[in-house]
Amino acid sequence: MPRRRQWLLGLAAACGSAWLLAGCGDKPAFRGVDISGADYGRELSLPDQQGRIRSLAEFKGQLVVLFFGYTQCPDVCPTALSELVQAKQRLGVDGARLQGLFVSVDPERDTPEIMRAYLASFDPGFLALLPTPAQLPALAKAFKVHYKRVEGRTPTSYTMDHSAGSYVYDTTGRLRLYHRYGSGAEALAADLRLLLAEAR
């Protein structure tokens with residue numbers, strides 16, 4: 001067998017083995033759902049908890065993890081935010097390159113003051129983004145996010161059913177991954193490391 005053909009067959013075999021471990025070529029083995037090239041979740045323009053208008057474009061150079069939720073969420077939201085904090089810690093010094101964004105689906109109760117106190121208990125560097133009730137439907141559609149108000153015993157004791165996954169953007173500002181709720185901090189940290197490695 002000619003040497004060139006032997007070399008190509010060897011490369012193909014090695015590539016096939018590597019694919020199982022970490023992906024072949026430049027396609028890494030993400031633990032989250034790879035949604036690179038998605039035609040949604042591309043942009044937003046909303047005030048943060050300090051009243052400053054924020055957009056995804058301003059975070060280029062950083063990794064962004066964006067999550068929709070609300071402060072009175074009993075379990076999903078605090079768990080997701082805690083896992084994001086843990087993922088940031090696992091990145092070590094690279095954790096400074098991670099920006100958490102928490103978008104409220106409960107604008108009637110999630111005031112800037114409440115959001116400031118809520119996020120400070122997780123990470124003071126995370127930002128809340130606060131749509132108005134009028135903005136929320138279009139925003140949810142643009143990000144393919146589900147939310148629904150579920151009435152409680154009193155007018156103010158309602159809950160909000162909502163999508164529980166996180167959107168992950170790379171350092172160029174491209175939407176790359178969707179992490180399902182419950183994936184865990186280590187899985188998220190592993191994917192963030194892969195995205196950082198791409199940027200080096």
# chains A, B, ... in the order shown; residues from 1 in each chain; ligands from 1
>>> residues_around(residues="Gly32 of chain A", least_positions_apart="4", cutoff="10 Å", atoms="only C-alpha atoms", output="list in words")
Ser166, Tyr167, Val168, Arg176, Leu177, Tyr178, His179, Arg180, Ser183, Ala187, Leu188, Ala190 and Asp191 of chain A
>>> closest_residue(among="A:Leu98, A:Ala57, A:Ala164, A:Met115", to="Asp75 of chain A", atoms="only C-alpha atoms")
A:Ala164
>>> closest_residue(among="A:Pro74, A:Gly51, A:Pro107, A:Gly92", to="Ala134 of chain A", atoms="only C-alpha atoms")
A:Pro107
>>> select_by_dssp(residues="chain A", states="alpha helix (DSSP H)", output="number ranges by chain")
A: 3-21, 76-90, 112-120, 136-142, 185-199
>>> closest_atom_pairs(of="segment 115-138 of chain A", to="segment 60-73 of chain A", cutoff="10 Å", atoms="only C-alpha atoms", output="CSV")
residue,atom,partner,partner_atom,distance
A:Met115,CA,A:Thr71,CA,7.2
A:Ala117,CA,A:Thr71,CA,9.8
A:Tyr118,CA,A:Thr71,CA,6.8
A:Leu119,CA,A:Thr71,CA,8.9
A:Phe126,CA,A:Val65,CA,9.8
A:Leu127,CA,A:Leu66,CA,9.6
A:Ala128,CA,A:Phe67,CA,9.7
A:Leu129,CA,A:Phe68,CA,9.3
>>> write_last_selection(atoms="C-alpha atoms", output="PDB file, in the first residue's frame")
ATOM      1  CA  MET A 115     -33.029  42.427  41.429  1.00  0.00           C
ATOM      2  CA  ALA A 117     -30.444  42.451  46.236  1.00  0.00           C
ATOM      3  CA  TYR A 118     -31.238  39.099  44.650  1.00  0.00           C
ATOM      4  CA  LEU A 119     -28.227  38.909  42.346  1.00  0.00           C
ATOM      5  CA  PHE A 126     -24.067  39.177  37.372  1.00  0.00           C
ATOM      6  CA  LEU A 127     -26.543  41.481  35.676  1.00  0.00           C
ATOM      7  CA  ALA A 128     -30.330  41.493  35.744  1.00  0.00           C
ATOM      8  CA  LEU A 129     -32.119  42.548  32.577  1.00  0.00           C
TER       9      LEU A 129
END
>>> closest_residue(among="A:Glu58, A:Asp34, A:Glu151, A:Asp123", to="Gly173 of chain A", atoms="only C-alpha atoms")
A:Glu58
>>> atom_distance(atom1="atom CA of Lys88 of chain A", atom2="atom CA of Glu198 of chain A")
17.7 Å
>>> closest_residue(among="A:Leu175, A:Leu44, A:Ala96, A:Leu81", to="Ala140 of chain A", atoms="only C-alpha atoms")
A:Leu44
>>> residues_around(residues="Ala197 of chain A", least_positions_apart="4", cutoff="12 Å", atoms="only C-alpha atoms", output="count of residues only")
11
>>> atom_distance(atom1="atom CA of Gly165 of chain A", atom2="atom CA of Arg200 of chain A")
27.1 Å
>>> atom_distance(atom1="atom CA of Leu56 of chain A", atom2="atom CA of Thr132 of chain A")
18.0 Å
>>> residues_around(residues="Leu136 of chain A", least_positions_apart="3", cutoff="12 Å", atoms="only C-alpha atoms", output="VMD selection string")
chain A and resid 44 to 46 68 to 69 103 to 108 129 to 133 139 to 148
>>> closest_residue(among="A:Thr111, A:Ser157, A:Gln135, A:Thr79", to="Tyr181 of chain A", atoms="only C-alpha atoms")
A:Thr79
>>> decode(residues="segment 172-190 of chain A", atoms="N, CA and C atoms", output="PDB file, in the first residue's frame")
ATOM      1  N   THR A 172     -17.053  35.875  20.760  1.00  0.00           N
ATOM      2  CA  THR A 172     -17.363  36.735  19.608  1.00  0.00           C
ATOM      3  C   THR A 172     -18.805  37.218  19.645  1.00  0.00           C
ATOM      4  N   GLY A 173     -19.567  36.773  20.648  1.00  0.00           N
ATOM      5  CA  GLY A 173     -20.959  37.168  20.758  1.00  0.00           C
ATOM      6  C   GLY A 173     -21.923  36.240  20.053  1.00  0.00           C
ATOM      7  N   ARG A 174     -21.440  35.086  19.554  1.00  0.00           N
ATOM      8  CA  ARG A 174     -22.313  34.129  18.855  1.00  0.00           C
ATOM      9  C   ARG A 174     -22.968  33.187  19.851  1.00  0.00           C
ATOM     10  N   LEU A 175     -24.258  32.940  19.659  1.00  0.00           N
ATOM     11  CA  LEU A 175     -24.966  31.930  20.443  1.00  0.00           C
ATOM     12  C   LEU A 175     -24.459  30.560  20.034  1.00  0.00           C
ATOM     13  N   ARG A 176     -23.959  29.779  21.002  1.00  0.00           N
ATOM     14  CA  ARG A 176     -23.338  28.506  20.686  1.00  0.00           C
ATOM     15  C   ARG A 176     -24.015  27.304  21.321  1.00  0.00           C
ATOM     16  N   LEU A 177     -24.471  27.458  22.577  1.00  0.00           N
ATOM     17  CA  LEU A 177     -24.933  26.288  23.316  1.00  0.00           C
ATOM     18  C   LEU A 177     -26.217  26.575  24.068  1.00  0.00           C
ATOM     19  N   TYR A 178     -26.962  25.505  24.286  1.00  0.00           N
ATOM     20  CA  TYR A 178     -28.117  25.554  25.186  1.00  0.00           C
ATOM     21  C   TYR A 178     -27.878  24.500  26.262  1.00  0.00           C
ATOM     22  N   HIS A 179     -27.821  24.963  27.510  1.00  0.00           N
ATOM     23  CA  HIS A 179     -27.622  24.036  28.626  1.00  0.00           C
ATOM     24  C   HIS A 179     -28.958  23.819  29.327  1.00  0.00           C
ATOM     25  N   ARG A 180     -29.406  22.573  29.318  1.00  0.00           N
ATOM     26  CA  ARG A 180     -30.663  22.245  29.980  1.00  0.00           C
ATOM     27  C   ARG A 180     -30.509  22.371  31.493  1.00  0.00           C
ATOM     28  N   TYR A 181     -31.592  22.724  32.138  1.00  0.00           N
ATOM     29  CA  TYR A 181     -31.597  22.809  33.596  1.00  0.00           C
ATOM     30  C   TYR A 181     -31.213  21.459  34.198  1.00  0.00           C
ATOM     31  N   GLY A 182     -30.335  21.492  35.199  1.00  0.00           N
ATOM     32  CA  GLY A 182     -29.918  20.271  35.862  1.00  0.00           C
ATOM     33  C   GLY A 182     -28.685  19.631  35.264  1.00  0.00           C
ATOM     34  N   SER A 183     -28.078  20.259  34.248  1.00  0.00           N
ATOM     35  CA  SER A 183     -26.873  19.685  33.638  1.00  0.00           C
ATOM     36  C   SER A 183     -25.692  19.690  34.600  1.00  0.00           C
ATOM     37  N   GLY A 184     -25.689  20.638  35.527  1.00  0.00           N
ATOM     38  CA  GLY A 184     -24.639  20.688  36.538  1.00  0.00           C
ATOM     39  C   GLY A 184     -23.536  21.681  36.224  1.00  0.00           C
ATOM     40  N   ALA A 185     -22.872  22.142  37.281  1.00  0.00           N
ATOM     41  CA  ALA A 185     -21.840  23.160  37.149  1.00  0.00           C
ATOM     42  C   ALA A 185     -20.625  22.656  36.392  1.00  0.00           C
ATOM     43  N   GLU A 186     -20.248  21.414  36.602  1.00  0.00           N
ATOM     44  CA  GLU A 186     -19.044  20.895  35.943  1.00  0.00           C
ATOM     45  C   GLU A 186     -19.236  20.791  34.437  1.00  0.00           C
ATOM     46  N   ALA A 187     -20.421  20.353  34.001  1.00  0.00           N
ATOM     47  CA  ALA A 187     -20.697  20.283  32.563  1.00  0.00           C
ATOM     48  C   ALA A 187     -20.638  21.673  31.935  1.00  0.00           C
ATOM     49  N   LEU A 188     -21.206  22.655  32.619  1.00  0.00           N
ATOM     50  CA  LEU A 188     -21.171  24.022  32.103  1.00  0.00           C
ATOM     51  C   LEU A 188     -19.744  24.541  32.074  1.00  0.00           C
ATOM     52  N   ALA A 189     -18.995  24.319  33.147  1.00  0.00           N
ATOM     53  CA  ALA A 189     -17.605  24.783  33.200  1.00  0.00           C
ATOM     54  C   ALA A 189     -16.769  24.143  32.098  1.00  0.00           C
ATOM     55  N   ALA A 190     -17.000  22.856  31.838  1.00  0.00           N
ATOM     56  CA  ALA A 190     -16.245  22.159  30.792  1.00  0.00           C
ATOM     57  C   ALA A 190     -16.495  22.800  29.431  1.00  0.00           C
TER      58      ALA A 190
END
